[in-house]
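As structure tokens, the structure follows; a few thoughts come after it.
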Amino acid sequence: MSLWAIIPVKPLRRGKTRLAGVLSEDEREILNLSLLGHTLMILRQVPEIQQILVVSSDTAVLALAREQGARTVMEDGHPGLNTALHRATMVAQVYAAQGVLILPSDLPLLTKQDVEEIIQTPEPSPLVVIAPDRRNEGTNALFVKPTGLIDYQFGDNSFSKHVSQAKKFNINLRIINSPTLRLDLDFPEDLELLQQYQTQQVNL
């Protein structure tokens, strides 16, 4: 079964603007690069993921992705996240991808086991697997098999919207509440939680 992972990435200097109060522009750029590198490294450890596709309008992001063996799609104009993901999914479909994992690049605690839990599912197709953020508002991972089952609803309250889409079309639905998947870095308090987690790990 051919599975693809699609990673949408904002321009490095425009990402994580809500952290501007605690991180400089240079620090946010370094953070974004580090997070993307971590995500690519984890995905490369999962043999079931046959292709990784990075979508961005930032040439530096695309260059890093290609260095790490990923395919890339240049995001032209200002299509919006969901439109960009739809276009990327169409690329995956051209190459006969049977399932796609949409994975944002800002999950600092993402593990190989998280990815395996999402994609190695006992439920039959059609299937949607969703991992919400710690507020149960956003979507931190979305697995769709086969591709094109639902419309992407990333943005405000995307978790509930994706759940509603799956239920509307009577698609098998699984929700994963993994502690390492639930933390994304959007607000200063998210950084604090990450630091607390890292301190706990050091002290174990």
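To be explicit about the labels: the chains of the structure tokens are called A, B, and onward in the order shown, and within each one the residues are counted from 1, while ligands get numbers from 1 in the order they are shown.
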(request) as a list of chain:residue names, please: all residues of range 90-177 of chain A that backbone DSSP puts in strand (DSSP E). (result) A:Gly99, A:Val100, A:Leu101, A:Ile102, A:Leu127, A:Val128, A:Val129, A:Ile130, A:Ala131, A:Pro132, A:Thr139, A:Asn140, A:Ala141, A:Leu142, A:Phe143, A:Val144, A:Lys145, A:Asn172, A:Leu173, A:Arg174, A:Ile175
(message) Quick one: residues within 10 Å of range 111-123 of chain A, only C-alpha atoms, excluding same-chain residues fewer than 2 positions away - as a PyMOL selection string?
(response) chain A and resi 3+5+38-39+41-49+99-101+103+107-109+125-131+141-145+172-176+178-181
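Interatomic distance, CA of Pro79 in chain A against CA of Ala96 in chain A: 24.2 Å.
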(request) Could you jot down the CA of Asn32 in chain A to CA of Gln153 in chain A separation for me, Å, one decimal place? (result)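 Value for the CA of Asn32 in chain A-CA of Gln153 in chain A distance: 22.8 Å.
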(request) Tell me which protein, DNA and RNA residues are within 9 Å of Pro8 in chain A, counting only C-alpha atoms, leaving out same-chain ones fewer than 6 positions away, and put them as a list of chain:residue names. (result) A:Leu53, A:Val54, A:Val55, A:Ser56, A:Leu81, A:Ala84, A:Leu85, A:Ile102, A:Leu103, A:Pro104, A:Ser105
(message) One number please: CA of Arg28 in chain A to CA of Leu12 in chain A, in Å, one decimal.
(response)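 Distance reported for this atom pair: 7.6 Å.
Across range 108-148 of chain A, DSSP run on the backbone finds helix (DSSP H, G or I) at Lys112, Gln113, Asp114, Val115, Glu116, Glu117, Ile118 and Ile119 of chain A.
Take the candidates A:Thr199, A:Gln50, A:Thr72, A:Ser24 and check each one against Ile7 in chain A using only C-alpha atoms; the shortest distance goes to A:Thr72.
Of the residues under consideration (A:Glu67, A:Glu137, A:Asp106, A:Glu192), A:Asp106 shows the shortest atom-to-atom contact distance to Gly15 in chain A when counting only C-alpha atoms.
Among A:Leu110, A:Ala65, A:Ile150, A:Leu191, the residue with the shortest atom-to-atom distance to Asn82 in chain A, counting only C-alpha atoms, is A:Ile150.
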(message) I need the residue nearest Ile6 in chain A from this list: A:Val22, A:Leu185, A:Met90, A:Ala63. Use only C-alpha atoms for the distance.
(response) A:Met90
